[in-house]
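Engineer: Input structure_27.pdb, format and content: PDB, C-alpha atoms.
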```
ATOM      1  CA  HIS Y  26     198.846 121.774   2.820  1.00  0.00           C
ATOM      2  CA  VAL Y  27     195.356 121.582   4.348  1.00  0.00           C
ATOM      3  CA  GLN Y  28     195.049 120.378   7.941  1.00  0.00           C
ATOM      4  CA  LEU Y  29     191.864 118.801   9.247  1.00  0.00           C
ATOM      5  CA  VAL Y  30     191.241 117.723  12.837  1.00  0.00           C
ATOM      6  CA  GLU Y  31     188.142 115.766  13.846  1.00  0.00           C
ATOM      7  CA  SER Y  32     186.687 115.448  17.333  1.00  0.00           C
ATOM      8  CA  GLY Y  33     183.509 114.361  19.087  1.00  0.00           C
ATOM      9  CA  GLY Y  34     183.620 110.630  18.540  1.00  0.00           C
ATOM     10  CA  GLY Y  35     183.039 108.120  21.306  1.00  0.00           C
ATOM     11  CA  SER Y  36     180.957 105.195  22.489  1.00  0.00           C
ATOM     12  CA  VAL Y  37     177.174 105.472  22.628  1.00  0.00           C
ATOM     13  CA  GLN Y  38     174.226 103.136  22.993  1.00  0.00           C
ATOM     14  CA  SER Y  39     171.871 102.393  20.141  1.00  0.00           C
ATOM     15  CA  GLY Y  40     169.376 105.246  19.737  1.00  0.00           C
ATOM     16  CA  GLY Y  41     171.803 107.802  21.121  1.00  0.00           C
ATOM     17  CA  SER Y  42     173.305 110.914  19.551  1.00  0.00           C
ATOM     18  CA  LEU Y  43     176.733 112.388  18.864  1.00  0.00           C
ATOM     19  CA  ARG Y  44     177.986 115.576  17.263  1.00  0.00           C
ATOM     20  CA  LEU Y  45     181.222 115.384  15.328  1.00  0.00           C
ATOM     21  CA  SER Y  46     183.337 118.446  14.604  1.00  0.00           C
ATOM     22  CA  CYS Y  47     186.106 119.026  12.102  1.00  0.00           C
ATOM     23  CA  THR Y  48     188.343 122.078  12.183  1.00  0.00           C
ATOM     24  CA  ALA Y  49     189.888 122.875   8.821  1.00  0.00           C
ATOM     25  CA  SER Y  50     192.815 125.168   8.024  1.00  0.00           C
ATOM     26  CA  LYS Y  51     191.067 125.864   4.726  1.00  0.00           C
ATOM     27  CA  LEU Y  52     187.572 125.199   3.405  1.00  0.00           C
ATOM     28  CA  SER Y  53     186.493 124.501  -0.164  1.00  0.00           C
ATOM     29  CA  ASP Y  54     183.183 124.781  -2.048  1.00  0.00           C
ATOM     30  CA  PHE Y  55     182.193 121.260  -1.077  1.00  0.00           C
ATOM     31  CA  VAL Y  56     183.197 119.440   2.092  1.00  0.00           C
ATOM     32  CA  ALA Y  57     182.235 115.998   3.303  1.00  0.00           C
ATOM     33  CA  TRP Y  58     182.075 113.326   5.940  1.00  0.00           C
ATOM     34  CA  PHE Y  59     183.035 109.772   5.050  1.00  0.00           C
ATOM     35  CA  ARG Y  60     183.297 106.702   7.246  1.00  0.00           C
ATOM     36  CA  GLN Y  61     185.380 103.570   7.117  1.00  0.00           C
ATOM     37  CA  VAL Y  62     185.253 100.184   8.774  1.00  0.00           C
ATOM     38  CA  GLU Y  63     188.476  98.186   8.865  1.00  0.00           C
ATOM     39  CA  GLY Y  64     188.671  95.930   5.865  1.00  0.00           C
ATOM     40  CA  LYS Y  65     186.000  97.799   3.943  1.00  0.00           C
ATOM     41  CA  GLU Y  66     186.039 100.691   1.495  1.00  0.00           C
ATOM     42  CA  ARG Y  67     185.575 104.257   2.672  1.00  0.00           C
ATOM     43  CA  GLU Y  68     181.971 105.321   2.090  1.00  0.00           C
ATOM     44  CA  MET Y  69     180.360 108.728   1.741  1.00  0.00           C
ATOM     45  CA  VAL Y  70     178.127 109.813   4.619  1.00  0.00           C
ATOM     46  CA  ALA Y  71     177.376 113.418   3.641  1.00  0.00           C
ATOM     47  CA  VAL Y  72     178.533 116.088   1.225  1.00  0.00           C
ATOM     48  CA  VAL Y  73     177.644 119.708   1.912  1.00  0.00           C
ATOM     49  CA  ARG Y  74     178.256 122.982   0.161  1.00  0.00           C
ATOM     50  CA  THR Y  75     180.121 125.448   2.340  1.00  0.00           C
ATOM     51  CA  ASP Y  76     177.221 127.940   2.290  1.00  0.00           C
ATOM     52  CA  ASN Y  77     174.885 125.122   3.437  1.00  0.00           C
ATOM     53  CA  SER Y  78     172.729 125.556   0.297  1.00  0.00           C
ATOM     54  CA  TYR Y  79     173.250 121.973  -0.879  1.00  0.00           C
ATOM     55  CA  SER Y  80     173.672 118.649   0.874  1.00  0.00           C
ATOM     56  CA  ARG Y  81     173.693 115.031  -0.133  1.00  0.00           C
ATOM     57  CA  TYR Y  82     173.458 112.005   2.176  1.00  0.00           C
ATOM     58  CA  ALA Y  83     173.923 108.286   1.991  1.00  0.00           C
ATOM     59  CA  ASP Y  84     170.575 106.478   2.033  1.00  0.00           C
ATOM     60  CA  SER Y  85     171.562 104.710   5.227  1.00  0.00           C
ATOM     61  CA  VAL Y  86     171.772 107.983   7.205  1.00  0.00           C
ATOM     62  CA  LYS Y  87     169.051 110.115   5.619  1.00  0.00           C
ATOM     63  CA  GLY Y  88     166.726 111.560   8.224  1.00  0.00           C
ATOM     64  CA  ARG Y  89     169.155 110.770  11.049  1.00  0.00           C
ATOM     65  CA  PHE Y  90     172.355 112.698  10.214  1.00  0.00           C
ATOM     66  CA  THR Y  91     172.777 116.390   9.401  1.00  0.00           C
ATOM     67  CA  ALA Y  92     175.962 117.966   8.074  1.00  0.00           C
ATOM     68  CA  SER Y  93     176.669 121.690   8.285  1.00  0.00           C
ATOM     69  CA  VAL Y  94     179.458 124.227   7.926  1.00  0.00           C
ATOM     70  CA  ASP Y  95     180.363 127.285   9.998  1.00  0.00           C
ATOM     71  CA  VAL Y  96     182.612 129.361   7.772  1.00  0.00           C
ATOM     72  CA  ALA Y  97     183.455 131.836  10.531  1.00  0.00           C
ATOM     73  CA  LYS Y  98     184.873 129.000  12.627  1.00  0.00           C
ATOM     74  CA  SER Y  99     186.237 127.095   9.622  1.00  0.00           C
ATOM     75  CA  ALA Y 100     184.402 124.082  11.019  1.00  0.00           C
ATOM     76  CA  ILE Y 101     182.413 121.210   9.569  1.00  0.00           C
ATOM     77  CA  TYR Y 102     179.855 119.406  11.727  1.00  0.00           C
ATOM     78  CA  LEU Y 103     177.970 116.121  11.618  1.00  0.00           C
ATOM     79  CA  GLU Y 104     174.963 115.799  13.911  1.00  0.00           C
ATOM     80  CA  MET Y 105     174.112 112.119  14.308  1.00  0.00           C
ATOM     81  CA  ASN Y 106     170.829 111.011  15.875  1.00  0.00           C
ATOM     82  CA  ASN Y 107     169.174 107.637  16.423  1.00  0.00           C
ATOM     83  CA  LEU Y 108     172.516 105.913  16.060  1.00  0.00           C
ATOM     84  CA  LYS Y 109     172.591 102.229  15.147  1.00  0.00           C
ATOM     85  CA  PRO Y 110     175.298  99.581  15.629  1.00  0.00           C
ATOM     86  CA  GLU Y 111     175.916  99.619  11.873  1.00  0.00           C
ATOM     87  CA  ASP Y 112     176.994 103.265  12.196  1.00  0.00           C
ATOM     88  CA  THR Y 113     180.110 102.098  14.050  1.00  0.00           C
ATOM     89  CA  ALA Y 114     183.109 103.321  12.034  1.00  0.00           C
ATOM     90  CA  LEU Y 115     185.985 105.775  11.811  1.00  0.00           C
ATOM     91  CA  TYR Y 116     184.462 109.073  10.680  1.00  0.00           C
ATOM     92  CA  ILE Y 117     186.690 111.202   8.478  1.00  0.00           C
ATOM     93  CA  CYS Y 118     186.126 114.734   7.223  1.00  0.00           C
ATOM     94  CA  GLY Y 119     187.347 115.971   3.880  1.00  0.00           C
ATOM     95  CA  VAL Y 120     187.695 119.179   1.872  1.00  0.00           C
ATOM     96  CA  TYR Y 121     188.039 119.820  -1.858  1.00  0.00           C
ATOM     97  CA  CYS Y 122     185.373 117.174  -2.365  1.00  0.00           C
ATOM     98  CA  ARG Y 123     183.336 116.211  -5.385  1.00  0.00           C
ATOM     99  CA  TRP Y 124     179.668 117.137  -4.934  1.00  0.00           C
ATOM    100  CA  THR Y 125     178.695 113.713  -6.236  1.00  0.00           C
ATOM    101  CA  GLY Y 126     180.193 112.090  -3.168  1.00  0.00           C
ATOM    102  CA  GLY Y 127     183.018 110.556  -5.150  1.00  0.00           C
ATOM    103  CA  GLY Y 128     185.739 111.609  -2.759  1.00  0.00           C
ATOM    104  CA  CYS Y 129     187.932 114.465  -1.539  1.00  0.00           C
ATOM    105  CA  SER Y 130     191.491 115.649  -2.073  1.00  0.00           C
ATOM    106  CA  ASN Y 131     192.339 116.268   1.589  1.00  0.00           C
ATOM    107  CA  TRP Y 132     191.416 114.171   4.612  1.00  0.00           C
ATOM    108  CA  GLY Y 133     191.663 114.275   8.377  1.00  0.00           C
ATOM    109  CA  GLN Y 134     192.793 111.389  10.569  1.00  0.00           C
ATOM    110  CA  GLY Y 135     189.284 110.515  11.714  1.00  0.00           C
ATOM    111  CA  THR Y 136     187.385 110.094  14.956  1.00  0.00           C
ATOM    112  CA  GLN Y 137     186.037 106.725  16.074  1.00  0.00           C
ATOM    113  CA  VAL Y 138     182.314 106.212  16.690  1.00  0.00           C
ATOM    114  CA  THR Y 139     181.178 102.998  18.383  1.00  0.00           C
ATOM    115  CA  VAL Y 140     177.490 102.177  18.815  1.00  0.00           C
ATOM    116  CA  SER Y 141     176.469  99.213  20.952  1.00  0.00           C
TER     117      SER Y 141
END
```
Represent the structure of the file as structure tokens.

Structural biologist:
Amino acid sequence: HVQLVESGGGSVQSGGSLRLSCTASKLSDFVAWFRQVEGKEREMVAVVRTDNSYSRYADSVKGRFTASVDVAKSAIYLEMNNLKPEDTALYICGVYCRWTGGGCSNWGQGTQVTVS
């Protein structure tokens, strides 16, 4: 059973920045960040290969968000800059993910990000 714990969410004004962290009991080749708004489907934000050699982003966050992995710390990060109100969502990390962004087998509980 893989355990994932996210942190770093919070409330920020438009144009601000946040850094999300996810500590994983086990990493896989591809890990990811997704986000979900109540009543809407979960959407892919970023998929990254554990050695940081490959990454894939949703069009809506390209140029603003950067995902990375620190294998030594078993941690997955999401650096978010120039945040917009439409980025408001529950951000969820995943492991054992498809590189296409189609989803993951294991998920954390999420950390809430609110942009006003």

Engineer: Would you pick out the contacts of Val30 in chain Y at 8 Å or less, using all atoms listed in the file, so that residues sharing its chain but fewer than 3 positions from it are not included, and give the list as a PyMOL selection string?

Structural biologist: chain Y and resi 47-49+133-135

Engineer: I would like the residues chosen by the PyMOL selection byres ((chain Y and resi 96) around 8) on the shown file; could you give them as a VMD selection string?

Structural biologist: chain Y and resid 52 75 to 76 94 to 95 97 to 100

Engineer: Quick one: apply the PyMOL selection byres ((chain Y and resi 40) around 6) to the file and drop the selected residues here as a PyMOL selection string.

Structural biologist: chain Y and resi 39+41+107-108

Engineer: How far is it from CA of Ser50 in chain Y to CA of Trp132 in chain Y, in Å with one decimal?

Structural biologist: 11.6 Å

Engineer: Given the file above and the PyMOL selection byres ((chain Y and resi 58-63) around 10), which residues are selected, and can you give them as a PDB file with C-alpha atoms, in the coordinates of the input?

Structural biologist:
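Generated file (selection.pdb):
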```
ATOM      1  CA  LEU Y  45     181.222 115.384  15.328  1.00  0.00           C
ATOM      2  CA  CYS Y  47     186.106 119.026  12.102  1.00  0.00           C
ATOM      3  CA  VAL Y  56     183.197 119.440   2.092  1.00  0.00           C
ATOM      4  CA  ALA Y  57     182.235 115.998   3.303  1.00  0.00           C
ATOM      5  CA  GLY Y  64     188.671  95.930   5.865  1.00  0.00           C
ATOM      6  CA  LYS Y  65     186.000  97.799   3.943  1.00  0.00           C
ATOM      7  CA  GLU Y  66     186.039 100.691   1.495  1.00  0.00           C
ATOM      8  CA  ARG Y  67     185.575 104.257   2.672  1.00  0.00           C
ATOM      9  CA  GLU Y  68     181.971 105.321   2.090  1.00  0.00           C
ATOM     10  CA  MET Y  69     180.360 108.728   1.741  1.00  0.00           C
ATOM     11  CA  VAL Y  70     178.127 109.813   4.619  1.00  0.00           C
ATOM     12  CA  ALA Y  71     177.376 113.418   3.641  1.00  0.00           C
ATOM     13  CA  VAL Y  72     178.533 116.088   1.225  1.00  0.00           C
ATOM     14  CA  VAL Y  73     177.644 119.708   1.912  1.00  0.00           C
ATOM     15  CA  TYR Y  82     173.458 112.005   2.176  1.00  0.00           C
ATOM     16  CA  ALA Y  83     173.923 108.286   1.991  1.00  0.00           C
ATOM     17  CA  ALA Y  92     175.962 117.966   8.074  1.00  0.00           C
ATOM     18  CA  ILE Y 101     182.413 121.210   9.569  1.00  0.00           C
ATOM     19  CA  TYR Y 102     179.855 119.406  11.727  1.00  0.00           C
ATOM     20  CA  LEU Y 103     177.970 116.121  11.618  1.00  0.00           C
ATOM     21  CA  GLU Y 111     175.916  99.619  11.873  1.00  0.00           C
ATOM     22  CA  ASP Y 112     176.994 103.265  12.196  1.00  0.00           C
ATOM     23  CA  THR Y 113     180.110 102.098  14.050  1.00  0.00           C
ATOM     24  CA  ALA Y 114     183.109 103.321  12.034  1.00  0.00           C
ATOM     25  CA  LEU Y 115     185.985 105.775  11.811  1.00  0.00           C
ATOM     26  CA  TYR Y 116     184.462 109.073  10.680  1.00  0.00           C
ATOM     27  CA  ILE Y 117     186.690 111.202   8.478  1.00  0.00           C
ATOM     28  CA  CYS Y 118     186.126 114.734   7.223  1.00  0.00           C
ATOM     29  CA  GLY Y 119     187.347 115.971   3.880  1.00  0.00           C
ATOM     30  CA  VAL Y 120     187.695 119.179   1.872  1.00  0.00           C
ATOM     31  CA  CYS Y 122     185.373 117.174  -2.365  1.00  0.00           C
ATOM     32  CA  GLY Y 126     180.193 112.090  -3.168  1.00  0.00           C
ATOM     33  CA  GLY Y 128     185.739 111.609  -2.759  1.00  0.00           C
ATOM     34  CA  CYS Y 129     187.932 114.465  -1.539  1.00  0.00           C
ATOM     35  CA  TRP Y 132     191.416 114.171   4.612  1.00  0.00           C
ATOM     36  CA  GLY Y 133     191.663 114.275   8.377  1.00  0.00           C
ATOM     37  CA  GLY Y 135     189.284 110.515  11.714  1.00  0.00           C
ATOM     38  CA  THR Y 136     187.385 110.094  14.956  1.00  0.00           C
ATOM     39  CA  GLN Y 137     186.037 106.725  16.074  1.00  0.00           C
ATOM     40  CA  VAL Y 138     182.314 106.212  16.690  1.00  0.00           C
TER      41      VAL Y 138
END
```

Engineer: Just how far from CA of Gly34 in chain Y is CA of Val86 in chain Y, in Å to one decimal?

Structural biologist: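 So the answer is 16.6 Å.
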
Engineer: Which residue gives the smallest distance to Arg44 in chain Y among Y:Ser141, Y:Ser85, Y:Thr91, Y:Asn77, with all atoms listed in the file counted?

Structural biologist: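 Of Y:Ser141, Y:Ser85, Y:Thr91, Y:Asn77, the one nearest Arg44 in chain Y, counting all atoms listed in the file, is Y:Thr91.
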
Engineer: How far is it from CA of Lys51 in chain Y to CA of Ser130 in chain Y, in Å with one decimal?

Structural biologist: 12.3 Å

Engineer: Ranking Y:Ser53, Y:Val140, Y:Gly127, Y:Glu104 by minimum distance to Val27 in chain Y and counting all atoms listed in the file, which one comes first?

Structural biologist: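 Ranked by minimum distance to Val27 in chain Y, first place goes to Y:Ser53.
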
Engineer: For Met105 in chain Y, which residue among Y:Arg74, Y:Arg123, Y:Arg81, Y:Lys87 is the nearest when counting all atoms listed in the file?

Structural biologist: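 Closest residue, counting all atoms listed in the file: Y:Lys87.
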
Engineer: Put a box with edges along x, y and z around all the listed atoms of range 53-61 of chain Y, pad it by 5 Å on each side, then give me its centre and sizes in Å, one decimal, as JSON.

Structural biologist:
```
{"center_x": 184.3, "center_y": 114.2, "center_z": 2.6, "size_x": 14.4, "size_y": 31.2, "size_z": 19.3}
```
